[in-house]
Each structure stands twice: as structure tokens, then as C-alpha cells.
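Pasting protein-v5.txt here (compact mmCIF, C-alpha atoms):
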# COMPACT_ATOMS: atom_id res chain seq x y z
CA MET A 240 17.90 -21.30 -27.68
CA LYS A 241 21.62 -21.29 -26.89
CA LYS A 242 24.38 -19.46 -28.65
CA TRP A 243 28.10 -19.03 -28.03
CA ILE A 244 29.66 -15.64 -27.95
CA ILE A 245 33.44 -15.62 -27.59
CA LEU A 246 34.83 -12.27 -26.64
CA PHE A 247 38.43 -11.89 -27.80
CA PHE A 248 39.67 -8.85 -26.05
CA PHE A 249 43.27 -8.70 -24.89
CA CYS A 250 45.08 -6.43 -22.53
CA TRP A 251 48.21 -5.30 -24.39
CA CYS A 252 50.19 -4.87 -21.23
CA MET A 253 53.24 -6.36 -19.59
CA ILE A 254 52.37 -9.67 -18.00
CA GLY A 255 53.44 -8.40 -14.63
CA CYS A 256 51.00 -5.51 -14.92
CA ILE A 257 47.92 -7.63 -15.65
CA GLN A 258 45.58 -7.79 -12.67
CA ILE A 259 43.31 -10.84 -12.52
CA PRO A 260 39.78 -9.44 -12.43
CA THR A 261 36.97 -10.49 -10.14
CA ILE A 262 33.85 -12.04 -11.63
CA MET A 263 30.97 -9.70 -10.90
CA ASN A 264 27.36 -10.81 -10.47
CA PHE A 265 25.20 -9.27 -13.21
CA GLU A 266 21.93 -11.06 -12.38
CA GLY A 267 19.10 -8.54 -12.71
CA LYS A 268 21.25 -6.33 -14.95
CA LYS A 269 21.58 -6.19 -18.71
CA GLN A 270 23.74 -8.43 -20.92
CA VAL A 271 25.38 -5.33 -22.41
CA ASP A 272 26.55 -4.34 -18.91
CA LEU A 273 28.30 -7.71 -18.49
CA GLU A 274 29.93 -7.46 -21.90
CA GLU A 275 31.16 -3.96 -21.15
CA TYR A 276 32.72 -5.11 -17.88
CA PHE A 277 34.58 -8.00 -19.52
CA LYS A 278 35.47 -6.24 -22.78
CA ASP A 279 39.22 -6.17 -22.03
CA TYR A 280 39.45 -9.86 -21.14
CA GLN A 281 39.20 -13.11 -23.05
CA ILE A 282 36.10 -15.01 -21.92
CA GLN A 283 33.76 -17.54 -23.46
CA LEU A 284 30.19 -16.41 -22.89
CA GLU A 285 27.33 -18.90 -23.31
CA VAL A 286 23.94 -17.24 -23.64
CA GLU A 287 20.58 -18.96 -23.28
CA GLU A 288 17.49 -16.89 -24.09
CA ILE A 289 14.12 -17.70 -22.53
CA TYR A 290 10.71 -16.04 -22.28
CA SER A 291 10.30 -14.06 -19.07
CA GLU A 292 8.33 -11.12 -17.69
CA LYS A 293 11.64 -9.32 -17.22
CA GLU A 294 12.73 -6.77 -19.80
CA VAL A 295 14.47 -8.06 -22.92
CA GLY A 296 18.21 -8.47 -22.33
CA THR A 297 17.95 -8.82 -18.55
CA ILE A 298 20.25 -11.49 -17.08
CA LEU A 299 18.15 -13.94 -15.05
CA LYS A 300 20.95 -16.28 -14.03
CA GLN A 301 24.76 -16.24 -14.21
CA VAL A 302 27.21 -19.10 -13.55
CA PRO A 303 29.68 -18.45 -12.04
CA ASN A 304 28.70 -15.15 -10.49
CA SER A 305 31.66 -14.60 -8.16
CA GLY A 306 35.33 -15.44 -7.65
CA LYS A 307 38.52 -14.74 -9.65
CA MET A 308 38.71 -15.19 -13.41
CA ASN A 309 40.60 -18.06 -14.96
CA GLU A 310 42.39 -18.05 -18.27
CA ASN A 311 39.77 -18.53 -21.06
CA GLN A 312 37.07 -18.12 -18.44
CA LYS A 313 33.64 -19.57 -19.32
CA ILE A 314 30.53 -17.76 -18.11
CA LYS A 315 26.98 -18.98 -18.71
CA ILE A 316 24.02 -16.62 -18.54
CA VAL A 317 20.27 -16.97 -19.00
CA VAL A 318 18.80 -13.87 -20.61
CA SER A 319 15.18 -12.73 -20.92
CA LYS A 320 13.80 -12.39 -24.41
CA GLY A 321 10.56 -10.92 -23.06
CA VAL A 322 7.12 -12.41 -22.56
CA ASP A 323 5.47 -14.93 -24.86
CA TYR A 324 2.05 -13.31 -24.57
CA LYS A 325 0.49 -15.66 -27.10
CA ALA A 326 1.57 -18.79 -25.25
CA LEU A 327 0.22 -17.36 -21.98
CA GLN A 328 -2.97 -16.17 -23.71
CA VAL A 329 -2.59 -12.76 -22.10
CA ASN A 330 -5.78 -10.76 -22.57
CA GLU A 331 -6.49 -7.74 -20.41
CA LEU A 332 -9.87 -7.23 -22.06
CA GLY A 333 -11.11 -10.54 -20.65
CA ASP A 334 -13.93 -10.75 -18.10
CA ILE A 335 -13.40 -10.39 -14.33
CA PRO A 336 -15.62 -12.12 -11.74
CA ILE A 337 -17.06 -10.25 -8.76
CA MET A 338 -18.23 -12.96 -6.38
CA MET A 339 -21.31 -12.25 -4.25
CA TYR A 340 -21.46 -13.94 -0.85
CA HIS A 341 -23.80 -13.35 2.06
CA GLY A 342 -23.47 -15.39 5.26
CA ILE A 343 -20.86 -18.09 5.81
CA TRP A 344 -22.12 -20.63 8.34
CA SER A 345 -19.88 -22.85 10.47
CA LEU A 346 -21.24 -26.04 8.92
CA ASN A 347 -20.13 -28.97 6.82
CA ASP A 348 -21.94 -29.56 3.53
CA ASP A 349 -23.60 -32.71 4.94
CA ASP A 350 -25.20 -30.60 7.69
CA THR A 351 -27.56 -28.88 5.23
CA ASN A 352 -30.64 -30.08 3.36
CA TYR A 353 -29.57 -28.43 0.12
CA LEU A 354 -27.19 -29.07 -2.74
CA LYS A 355 -23.50 -29.08 -1.78
CA GLY A 356 -22.61 -25.95 0.17
CA ASN A 357 -25.97 -24.15 0.01
CA VAL A 358 -27.44 -23.42 3.44
CA ASP A 359 -30.71 -22.04 2.02
CA LYS A 360 -32.83 -22.91 -0.99
CA ASP A 361 -31.54 -20.07 -3.16
CA GLY A 362 -27.89 -20.50 -2.18
CA TYR A 363 -27.29 -17.07 -0.66
CA GLN A 364 -25.96 -18.61 2.57
CA ARG A 365 -22.94 -20.93 2.30
CA THR A 366 -21.19 -23.47 4.52
CA SER A 367 -17.68 -22.88 5.80
CA GLU A 368 -16.60 -26.15 4.15
CA SER A 369 -17.75 -24.94 0.74
CA PHE A 370 -16.27 -21.48 1.21
CA ARG A 371 -12.87 -23.05 1.84
CA ARG A 372 -13.38 -25.19 -1.26
CA ASP A 373 -14.30 -22.09 -3.27
CA LEU A 374 -11.09 -20.32 -2.25
CA GLU A 375 -8.96 -23.36 -3.05
CA PHE A 376 -10.63 -23.53 -6.48
CA TYR A 377 -10.01 -19.84 -7.23
CA TYR A 378 -6.36 -20.14 -6.27
CA ARG A 379 -5.80 -23.37 -8.20
CA GLU A 380 -7.41 -21.87 -11.32
CA GLY A 381 -4.92 -19.01 -11.28
CA TYR A 382 -7.11 -16.28 -9.80
CA ARG A 383 -5.67 -13.67 -7.44
CA MET A 384 -7.81 -11.34 -5.35
CA ILE A 385 -7.87 -7.60 -5.90
CA ARG A 386 -9.80 -4.83 -4.17
CA LEU A 387 -13.16 -3.91 -5.69
CA SER A 388 -12.13 -0.24 -5.67
CA ASP A 389 -8.97 -1.10 -7.64
CA PHE A 390 -11.01 -3.02 -10.20
CA ILE A 391 -13.29 -0.03 -10.70
CA GLU A 392 -10.32 2.34 -11.09
CA GLY A 393 -8.48 0.02 -13.50
CA LYS A 394 -5.63 -0.72 -11.07
CA ILE A 395 -5.10 -4.38 -11.93
CA ASP A 396 -1.86 -5.43 -10.27
CA VAL A 397 -1.75 -9.19 -10.78
CA GLU A 398 1.29 -11.27 -11.64
CA LEU A 399 1.97 -12.39 -15.20
CA GLY A 400 -0.39 -15.12 -16.40
CA LYS A 401 -2.80 -14.83 -13.46
CA SER A 402 -6.37 -13.51 -13.39
CA PRO A 403 -8.05 -11.05 -10.99
CA ILE A 404 -11.07 -11.92 -8.86
CA VAL A 405 -13.11 -9.73 -6.49
CA LEU A 406 -14.90 -10.97 -3.35
CA THR A 407 -17.90 -9.17 -1.84
CA PHE A 408 -20.12 -9.94 1.17
CA ASP A 409 -23.57 -8.44 1.76
CA ASP A 410 -25.48 -7.78 5.01
CA GLY A 411 -22.71 -8.27 7.60
CA LYS A 412 -24.54 -10.96 9.55
CA ASN A 413 -22.74 -14.32 9.64
CA ASN A 414 -19.62 -12.86 8.01
CA ILE A 415 -17.59 -12.51 11.16
CA GLU A 416 -17.88 -13.75 14.73
CA VAL A 417 -15.59 -12.43 17.43
CA SER A 418 -14.76 -12.69 21.09
CA LYS A 419 -12.12 -10.94 23.16
CA ASN A 420 -9.07 -12.24 24.98
CA GLN A 421 -7.87 -11.05 28.39
CA LYS A 422 -6.02 -8.18 26.75
CA GLY A 423 -9.22 -6.92 25.14
CA GLU A 424 -8.08 -7.90 21.64
CA LEU A 425 -10.58 -9.21 19.09
CA ILE A 426 -10.39 -12.95 18.44
CA ILE A 427 -11.81 -13.95 15.05
CA GLU A 428 -13.81 -17.18 14.97
CA PRO A 429 -11.86 -19.40 12.52
CA ASN A 430 -14.95 -20.77 10.69
CA SER A 431 -16.41 -17.33 9.96
CA ALA A 432 -15.87 -15.72 6.55
CA VAL A 433 -13.14 -13.44 7.87
CA GLY A 434 -11.53 -16.24 9.85
CA ILE A 435 -11.28 -18.37 6.71
CA LEU A 436 -9.96 -15.45 4.66
CA GLU A 437 -7.26 -14.85 7.26
CA GLU A 438 -6.42 -18.56 7.14
CA PHE A 439 -5.89 -18.35 3.36
CA LYS A 440 -3.91 -15.15 3.72
CA LYS A 441 -1.34 -17.19 5.65
CA LYS A 442 -1.65 -20.33 3.52
CA TYR A 443 -1.14 -18.54 0.18
CA PRO A 444 0.76 -15.25 0.67
CA ASP A 445 0.54 -14.54 -3.08
CA PHE A 446 -3.28 -14.87 -3.12
CA GLY A 447 -3.72 -11.17 -2.34
CA VAL A 448 -6.55 -11.94 0.10
CA THR A 449 -9.03 -9.08 0.48
CA ALA A 450 -12.80 -8.48 0.27
CA THR A 451 -15.40 -5.74 0.51
CA PHE A 452 -18.16 -5.98 3.14
CA PHE A 453 -21.44 -4.14 2.40
CA LEU A 454 -23.29 -3.18 5.55
CA ASN A 455 -26.64 -1.90 6.79
CA GLU A 456 -27.02 0.32 9.86
CA ASN A 457 -26.84 -2.69 12.23
CA LEU A 458 -23.38 -3.43 10.79
CA PHE A 459 -22.36 -6.93 11.95
CA GLU A 460 -25.08 -7.18 14.61
CA SER A 461 -22.40 -7.51 17.26
CA GLU A 462 -21.65 -5.76 20.54
CA TYR A 463 -18.22 -5.08 19.00
CA ASN A 464 -19.58 -3.52 15.79
CA LYS A 465 -17.32 -0.47 15.61
CA GLU A 466 -14.23 -2.40 16.65
CA ILE A 467 -14.87 -5.01 13.97
CA VAL A 468 -15.24 -2.38 11.25
CA LYS A 469 -11.97 -0.72 12.29
CA TRP A 470 -10.20 -4.09 12.53
CA LEU A 471 -11.26 -5.02 8.99
CA VAL A 472 -9.98 -1.77 7.49
CA GLU A 473 -6.69 -2.13 9.39
CA HIS A 474 -6.27 -5.66 8.02
CA GLY A 475 -6.74 -4.94 4.32
CA TYR A 476 -10.50 -5.21 3.85
CA ASP A 477 -12.98 -2.58 2.62
CA ILE A 478 -16.38 -1.47 3.86
CA GLY A 479 -19.20 -0.33 1.57
CA ASN A 480 -22.84 0.80 1.61
CA HIS A 481 -25.79 -1.63 1.50
CA SER A 482 -28.41 1.03 2.44
CA ALA A 483 -29.38 1.79 6.02
CA ASN A 484 -32.34 -0.62 6.17
CA HIS A 485 -31.85 -3.04 3.28
CA VAL A 486 -34.61 -1.44 1.23
CA ASP A 487 -35.99 -2.26 -2.19
CA PHE A 488 -35.21 0.90 -4.14
CA SER A 489 -37.97 0.16 -6.62
CA LYS A 490 -40.60 0.54 -3.87
CA ILE A 491 -39.61 3.86 -2.23
CA ASN A 492 -39.49 7.48 -3.32
CA GLN A 493 -36.51 9.67 -4.15
CA GLU A 494 -36.36 11.35 -0.74
CA GLU A 495 -36.23 8.00 1.03
CA THR A 496 -33.62 6.78 -1.46
CA SER A 497 -31.36 9.70 -0.50
CA ARG A 498 -31.95 9.01 3.19
CA GLN A 499 -31.10 5.31 2.88
CA ILE A 500 -27.82 5.95 1.05
CA GLY A 501 -26.83 9.15 2.83
CA LYS A 502 -27.52 7.84 6.33
CA MET A 503 -25.39 4.76 5.73
CA TYR A 504 -22.51 6.88 4.43
CA CYS A 505 -22.79 9.04 7.58
CA ILE A 506 -22.66 5.97 9.85
CA LEU A 507 -19.51 4.72 8.11
CA ASP A 508 -17.91 8.16 8.10
CA GLU A 509 -18.37 8.40 11.87
CA ILE A 510 -16.57 5.08 12.46
CA ILE A 511 -13.93 5.08 9.71
CA PRO A 512 -13.82 8.62 8.31
CA GLU A 513 -12.61 8.72 4.69
CA GLN A 514 -11.67 5.02 4.89
CA PHE A 515 -14.82 3.43 3.47
CA VAL A 516 -15.49 2.93 -0.25
CA SER A 517 -18.22 4.98 -1.94
CA ILE A 518 -19.78 1.90 -3.52
CA VAL A 519 -23.34 0.66 -3.04
CA ALA A 520 -24.37 -2.98 -3.20
CA LEU A 521 -28.02 -2.75 -4.23
CA PRO A 522 -30.30 -4.77 -1.91
CA PHE A 523 -32.26 -7.30 -3.97
CA GLY A 524 -30.42 -5.85 -6.97
CA SER A 525 -33.02 -3.09 -7.22
CA PRO A 526 -33.76 -0.89 -9.00
CA TYR A 527 -33.25 -3.26 -11.89
CA SER A 528 -32.59 -0.55 -14.44
CA LYS A 529 -30.47 2.59 -14.53
CA GLU A 530 -33.52 4.31 -16.04
CA HIS A 531 -35.47 3.99 -12.79
CA MET A 532 -36.31 7.39 -11.26
CA ASN A 533 -34.45 6.55 -8.02
CA PHE A 534 -31.18 5.47 -9.59
CA PRO A 535 -29.66 8.99 -9.95
CA TYR A 536 -30.29 9.51 -6.20
CA ILE A 537 -28.27 6.41 -5.38
CA LEU A 538 -25.35 7.87 -7.30
CA LYS A 539 -25.56 11.47 -6.13
CA SER A 540 -27.64 13.43 -3.63
CA ASN A 541 -27.49 14.82 -0.09
CA TYR A 542 -28.63 13.86 3.39
CA ASN A 543 -28.73 16.03 6.51
CA GLY A 544 -26.88 18.78 4.70
CA LYS A 545 -24.09 16.48 3.46
CA ASN A 546 -23.54 15.69 -0.20
CA TYR A 547 -22.53 12.21 -1.30
CA ASP A 548 -21.22 10.70 -4.55
CA THR A 549 -21.34 6.98 -5.28
CA SER A 550 -18.65 5.71 -7.66
CA ALA A 551 -20.23 2.32 -8.41
CA THR A 552 -23.22 0.10 -7.72
CA LEU A 553 -23.40 -3.68 -7.62
CA ARG A 554 -26.27 -5.79 -8.85
CA VAL A 555 -27.38 -9.26 -7.69
CA GLY A 556 -26.14 -11.88 -10.15
CA TRP A 557 -25.36 -13.27 -12.52
CA GLU A 558 -22.13 -13.30 -14.49
CA ALA A 559 -18.65 -11.75 -14.74
CA ASN A 560 -17.97 -8.15 -15.78
CA PRO A 561 -16.08 -6.74 -18.75
CA SER A 562 -12.55 -5.55 -18.06
CA PRO A 563 -12.28 -1.95 -16.83
CA PHE A 564 -10.28 -1.34 -20.02
CA SER A 565 -13.17 -2.47 -22.24
CA ASN A 566 -15.43 -0.03 -24.05
CA GLN A 567 -18.31 -2.06 -22.56
CA PHE A 568 -17.31 -1.36 -18.95
CA ASP A 569 -19.82 0.56 -16.79
CA SER A 570 -18.83 0.95 -13.12
CA THR A 571 -22.20 2.43 -12.18
CA PHE A 572 -24.06 -0.87 -12.74
CA LEU A 573 -21.77 -3.86 -12.17
CA LYS A 574 -22.79 -7.50 -12.34
CA ARG A 575 -21.86 -10.10 -9.73
CA ILE A 576 -21.75 -13.89 -9.61
CA ARG A 577 -23.88 -15.50 -6.90
CA ALA A 578 -21.51 -17.91 -5.14
CA TYR A 579 -23.71 -21.00 -4.95
CA ASP A 580 -24.03 -24.55 -6.29
CA ASN A 581 -26.66 -25.65 -8.78
CA GLY A 582 -25.12 -28.51 -10.72
CA GLY A 583 -23.49 -26.24 -13.30
CA GLU A 584 -26.74 -24.52 -14.23
CA ASP A 585 -28.48 -21.15 -13.78
CA TYR A 586 -25.22 -19.19 -13.54
CA ASP A 587 -23.81 -20.95 -10.47
CA ILE A 588 -20.06 -21.04 -9.70
CA GLU A 589 -19.37 -24.01 -11.98
CA MET A 590 -21.25 -22.55 -14.95
CA ASN A 591 -19.65 -19.12 -14.60
CA PHE A 592 -16.10 -20.38 -14.39
CA ASN A 593 -16.64 -22.65 -17.37
CA MET A 594 -17.70 -19.51 -19.26
CA LEU A 595 -14.72 -17.58 -17.92
CA SER A 596 -12.29 -20.23 -19.15
CA LYS A 597 -13.08 -19.03 -22.69
CA ASN A 598 -12.70 -15.29 -22.04
CA LYS A 599 -11.09 -14.33 -18.76
CA PHE A 600 -8.74 -11.47 -18.00
CA ILE A 601 -5.15 -12.76 -18.04
CA SER A 602 -2.55 -10.32 -16.77
CA ASP A 603 0.68 -9.19 -18.42
CA GLY A 604 2.11 -8.53 -14.96
CA ASN A 605 2.45 -4.80 -15.54
CA PRO A 606 -0.31 -2.58 -14.05
CA ASN A 607 0.77 0.34 -16.24
CA ILE A 608 0.33 -1.43 -19.59
CA ILE A 609 -2.73 -2.99 -21.23
CA THR A 610 -1.73 -6.06 -23.24
CA ILE A 611 -4.21 -7.65 -25.64
CA PRO A 612 -4.28 -9.61 -28.91
CA ASP A 613 -4.08 -7.25 -31.87
CA THR A 614 -7.52 -8.36 -33.06
CA LEU A 615 -9.15 -6.80 -29.97
CA LYS A 616 -7.67 -3.30 -30.10
CA THR A 617 -10.92 -1.73 -31.35
CA ASN A 618 -12.61 -2.93 -28.11
CA VAL A 619 -10.46 -0.80 -25.81
CA GLY A 620 -12.23 2.02 -23.97
CA LYS A 621 -10.83 5.36 -22.86
CA THR A 622 -7.59 4.95 -20.92
CA THR A 623 -4.38 6.76 -20.09
CA LEU A 624 -2.41 3.51 -19.92
CA LYS A 625 -0.02 2.36 -22.64
CA LEU A 626 -1.49 -0.21 -25.04
CA ASN A 627 0.58 -3.23 -26.06
CA THR A 628 -0.72 -5.64 -28.74
CA TYR A 629 0.66 -8.90 -30.07

Starting from the file, give its structure as C-alpha cells.
Amino acid sequence: MKKWIILFFFCWCMIGCIQIPTIMNFEGKKQVDLEEYFKDYQIQLEVEEIYSEKEVGTILKQVPNSGKMNENQKIKIVVSKGVDYKALQVNELGDIPIMMYHGIWSLNDDDTNYLKGNVDKDGYQRTSESFRRDLEFYYREGYRMIRLSDFIEGKIDVELGKSPIVLTFDDGKNNIEVSKNQKGELIIEPNSAVGILEEFKKKYPDFGVTATFFLNENLFESEYNKEIVKWLVEHGYDIGNHSANHVDFSKINQEETSRQIGKMYCILDEIIPEQFVSIVALPFGSPYSKEHMNFPYILKSNYNGKNYDTSATLRVGWEANPSPFSNQFDSTFLKRIRAYDNGGEDYDIEMNFNMLSKNKFISDGNPNIITIPDTLKTNVGKTTLKLNTY
């Protein structure tokens, strides 16, 4: 929408006293600031208002934005009239996918005997070709990666109109392969999971590339174990707990449950003190209920005289999670999507993202505000953030 505003302000001065003013650049500032600056001069101001994530009244573009004024100067500005949340379908109560990967193998899809990128029958291991295709798909569909810990804490900092996605890797093995150069620096194998993530970090700087790696006591089964863990943390990745020995928590007692969780926290604390996340990816997804007698000991107990507190646990499969702002959100028992191919069936990648297309989290671009359709306001859980409805 365009409108003409002609400002008729005159300097009632002697002609010889009038100083020709300089045109100032007001891009990023408010329209009222521009009008105040030019209030004593005759200009023709053309204003175009468009939807934008910038605050209402903010000047997005100004032509001209420099030089000396002419008589009857014309200035054109584009001004924000705020965000069209309805057109963008902004919904910060939509679901958020936590993707579950295990090993990424340096293989092409044709090198396996299974469907598409599956390296094993159940699709827990994936080819490097398919992992690259997965990342391209997430980016193209408007997803941007966020840290798992930020998701749990409700810190969703994703640009306007985009959707958050979380990547996780279990077991450590086949997630990263390294060697060292003559300087003793780690060289990441480009077809490993981390190598591919680093590739996409450079390819799409706005992708927000990150992931959380859940480890057992053997870590990455590498002679450079500790160096790899430190390198990952230094490069924007997180490390979590997958139990010391990859146990089935439904088949052990409470004392052994505490040992499995506590020992793994101690191992991580020795290598990266206070830099790991207090999150447990449950091996095999067990126990399969929060009512199981061992579950409280996964969340809170002690080992070797040290207390531990777990902020969240991750299950195995099968679909996306409610928004952390939803009254259905439960960080202690989060669902994940198994990243595998199965022809669009049995909750594979294709099936899950078809489901997400109907109810995914779409950001308003402001991590301090929760924006939702007015019809959903009764679904909001406890929060200290400002609520905005439309």
C-alpha cells in the first residue's frame, strides 16, 4: 500500500540565512524520527508499508538516503507494518522433531542391501549419501537446527517463518573418524557424521548446525577419544549420557541403574567438566514407562558419593514432540524420530514430515515472545514469556 504525505513546513527566514540541509539516512529508525528531522522543510514523502519482522513504523529502505536537499525534495521510504502472522502460519505451539541417528557409514545408497539409505534392516545405521540428502531436505523445508538443551529450556531462537529441528546421535561409533596432521591437529573424515555436519555448516551459514552426541564409556572407540570430545564441545556440539554400558534399564536393579548413569556422568565430567548436558538417551528406549521402578534413579540419584540430576530423557522413536510452550510438554520423557527410510510408513522420515506439515512449530522470530493463533491460547503451559495471539 502506498500513500503520499506532503509535509509543508517553511522556514520563515531571510533567504540568505537558509542553510540547505543534508539528507540523513533513517533506515532502521522510525518514520516519526524522519518526519521530525524534516519538519522545517518542504518535502514530498512517499510511504510504502509492507509486512516485516521489524517493529511497526521502522524504515526498511529510504531513497535517497544521502546528499543535499533539493527544492520540493522527494523522499521514498518503505516502512514496516509488522508481521503477517496468519499468512506465515506462525504457530509456536506446533510440534518439533528430534531426529535420532546412530552410525553414519561412508557409503552410497547403492552399496547397501536395504531400502534407500538404510545400512541395516531396522534403519538405525545410515549411509553418508542419505545423511547429506536428509540435511538438504531439512534445510529446504525451512527447518533450522537448535541445541537439544535449548529446546528443553524453551530457548527457541529461529528466524521468522522457520521451524526448529534437533539432531541427536547415539553410541558414538561411526559418528566421527579422525586422523592427525603433522601439527598434531585432528582431521575430521569428511564422510563421517561430523564431517558432513561441518560441510553443511559452511554451505548454509544460517542452518545453525549443531547436534548432541550420546556416549557410553568407550566414547567414540578411538585412540583420540578425549580429544574428540573436547573438539566437539569447542565447535558447537553437545555431549550427553547414554549409560556406561548401553544397558536395558528394564532388566537391572536400582543400584545398577544409578551406577550406569552416575559413572557416565563422572567420565564426562573428567573430560569436559561442567560442559556436558545432563540429558540421558535411553538405550533401547527402556524403561518404556515413567512408572518403572528404575526411572526415578535415571533422573536423580548418586554414585561414588556424587549426586546427579538428569534434566531430560530421550526415548527411541517415533514421532515429533510438543512445543516446550505446550501444556503437553514433558522434558523427562521425550520422543524422537528414527531417521530411516521405509517408503513413507511406520513413522519413517517421510511419514513424520508429512505429519509435521500439518502442525509444525513456525517461529515468530522473537525468542522472548510466544506467538500463536488465538484459538490455541488455552493450550499454553506455564511460561514466563510474553504471549502474543492473532

At most 8 Å from (-24.7, -7.5, -9.9), file frame, all atoms listed in the file: which residues, as a PyMOL selection string?
chain A and resi 524+553-558+572-576

For segment 294-301 of chain A, find every residue with an atom within 7 Å (counting all atoms listed in the file), except residues of its own chain fewer than 4 positions away, and show them as a PyMOL selection string.
chain A and resi 265-270+315-321

Measuring between all atoms listed in the file, which one of A:Gly583, A:Gly381, A:Pro535, A:Pro403 shows the shortest distance to Ile337 of chain A?
A:Pro403

For Lys355 of chain A, work out the shell of residues within 9 Å, counting all atoms listed in the file and skipping chain neighbours fewer than 5 positions away, then give it as an MDAnalysis selection string.
chainID A and resid 348:349 366 369 579:581

Take the residues that were just selected and, keeping C-alpha atoms, output them as a tab-separated table (two decimals), in the coordinates of the input.
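What follows is the written file selection.tsv:
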chain	number	residue	atom	x	y	z
A	348	ASP	CA	-21.94	-29.56	3.53
A	349	ASP	CA	-23.60	-32.71	4.94
A	366	THR	CA	-21.19	-23.47	4.52
A	369	SER	CA	-17.75	-24.94	0.74
A	579	TYR	CA	-23.71	-21.00	-4.95
A	580	ASP	CA	-24.03	-24.55	-6.29
A	581	ASN	CA	-26.66	-25.65	-8.78

Take the point (-15.3, 4.8, 8.9) as written in the file and pick out every residue within 12 Å of it, counting only C-alpha atoms; give the list as a VMD selection string.
chain A and resid 454 458 464 to 473 477 to 480 503 to 517

File of the preceding selection, C-alpha atoms, as an mmCIF file, in the coordinates of the input:
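part31.cif, freshly written:
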data_model
loop_
_atom_site.group_PDB
_atom_site.id
_atom_site.type_symbol
_atom_site.label_atom_id
_atom_site.label_comp_id
_atom_site.auth_asym_id
_atom_site.auth_seq_id
_atom_site.Cartn_x
_atom_site.Cartn_y
_atom_site.Cartn_z
ATOM 1 C CA LEU A 454 -23.290 -3.180 5.550
ATOM 2 C CA LEU A 458 -23.380 -3.430 10.790
ATOM 3 C CA ASN A 464 -19.580 -3.520 15.790
ATOM 4 C CA LYS A 465 -17.320 -0.470 15.610
ATOM 5 C CA GLU A 466 -14.230 -2.400 16.650
ATOM 6 C CA ILE A 467 -14.870 -5.010 13.970
ATOM 7 C CA VAL A 468 -15.240 -2.380 11.250
ATOM 8 C CA LYS A 469 -11.970 -0.720 12.290
ATOM 9 C CA TRP A 470 -10.200 -4.090 12.530
ATOM 10 C CA LEU A 471 -11.260 -5.020 8.990
ATOM 11 C CA VAL A 472 -9.980 -1.770 7.490
ATOM 12 C CA GLU A 473 -6.690 -2.130 9.390
ATOM 13 C CA ASP A 477 -12.980 -2.580 2.620
ATOM 14 C CA ILE A 478 -16.380 -1.470 3.860
ATOM 15 C CA GLY A 479 -19.200 -0.330 1.570
ATOM 16 C CA ASN A 480 -22.840 0.800 1.610
ATOM 17 C CA MET A 503 -25.390 4.760 5.730
ATOM 18 C CA TYR A 504 -22.510 6.880 4.430
ATOM 19 C CA CYS A 505 -22.790 9.040 7.580
ATOM 20 C CA ILE A 506 -22.660 5.970 9.850
ATOM 21 C CA LEU A 507 -19.510 4.720 8.110
ATOM 22 C CA ASP A 508 -17.910 8.160 8.100
ATOM 23 C CA GLU A 509 -18.370 8.400 11.870
ATOM 24 C CA ILE A 510 -16.570 5.080 12.460
ATOM 25 C CA ILE A 511 -13.930 5.080 9.710
ATOM 26 C CA PRO A 512 -13.820 8.620 8.310
ATOM 27 C CA GLU A 513 -12.610 8.720 4.690
ATOM 28 C CA GLN A 514 -11.670 5.020 4.890
ATOM 29 C CA PHE A 515 -14.820 3.430 3.470
ATOM 30 C CA VAL A 516 -15.490 2.930 -0.250
ATOM 31 C CA SER A 517 -18.220 4.980 -1.940
#

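Here atom CA of Leu521 of chain A is placed at a distance of 8.7 Å from atom CA of Val486 of chain A.
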
One-decimal distance in Å that lies between atom CA of Phe408 of chain A and atom CA of Asn455 of chain A:
11.8 Å

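Picture a line from atom CA of Asp587 of chain A to atom CA of Met338 of chain A; it runs 10.6 Å.
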
Can you list, as a compact mmCIF listing (two decimals) with C-alpha atoms, keeping the file's coordinate frame, every protein, DNA or RNA residue that comes within 10 Å of segment 416-428 of chain A when you count only C-alpha atoms, leaving out same-chain residues fewer than 5 positions away?
# COMPACT_ATOMS: atom_id res chain seq x y z
CA SER A 345 -19.88 -22.85 10.47
CA VAL A 433 -13.14 -13.44 7.87
CA GLY A 434 -11.53 -16.24 9.85
CA ILE A 435 -11.28 -18.37 6.71
CA GLU A 437 -7.26 -14.85 7.26
CA PHE A 459 -22.36 -6.93 11.95
CA GLU A 460 -25.08 -7.18 14.61
CA SER A 461 -22.40 -7.51 17.26
CA GLU A 462 -21.65 -5.76 20.54
CA TYR A 463 -18.22 -5.08 19.00
CA ASN A 464 -19.58 -3.52 15.79
CA GLU A 466 -14.23 -2.40 16.65
CA ILE A 467 -14.87 -5.01 13.97
CA TRP A 470 -10.20 -4.09 12.53

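Compared by their closest atoms to Tyr629 of chain A, and using only C-alpha atoms, the residues A:Thr351, A:Thr614, A:Thr451, A:Thr407 rank with A:Thr614 nearest.
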
Here is a test: counting all atoms listed in the file, which residue of A:Phe452, A:Tyr290, A:Tyr382, A:Tyr280 is nearest to Ile601 of chain A?
A:Tyr382

Excluding Asn304 of chain A and any residue of its chain fewer than 6 positions from it, enumerate the residues within 7 Å of it, using only C-alpha atoms, and give them as a PDB file with C-alpha atoms, keeping the file's coordinate frame.
ATOM      1  CA  ILE A 262      33.850 -12.040 -11.630  1.00  0.00           C
ATOM      2  CA  MET A 263      30.970  -9.700 -10.900  1.00  0.00           C
ATOM      3  CA  ASN A 264      27.360 -10.810 -10.470  1.00  0.00           C
TER       4      ASN A 264
END

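For the residues A:Val448, A:Ile500, A:Ile335, A:Tyr276, ranking by smallest atom-to-atom distance to Ile391 of chain A using all atoms listed in the file places A:Ile335 first.
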
Identify, on the basis of only C-alpha atoms, every residue whose closest approach to segment 325-330 of chain A does not exceed 7 Å; exclude the query and any residue fewer than 3 positions from it along the same chain; express the result as a PyMOL selection string.
chain A and resi 333+400+600-603+610-612

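Distance check against Gly306 of chain A using all atoms listed in the file: of A:Lys599, A:Leu354, A:Pro260, A:Ile608, the minimum falls on A:Pro260.
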
When distances are computed from only C-alpha atoms, which of A:Lys440, A:Ser528, A:Asp323, A:Ser402 shows the smallest separation from Ile289 of chain A?
A:Asp323
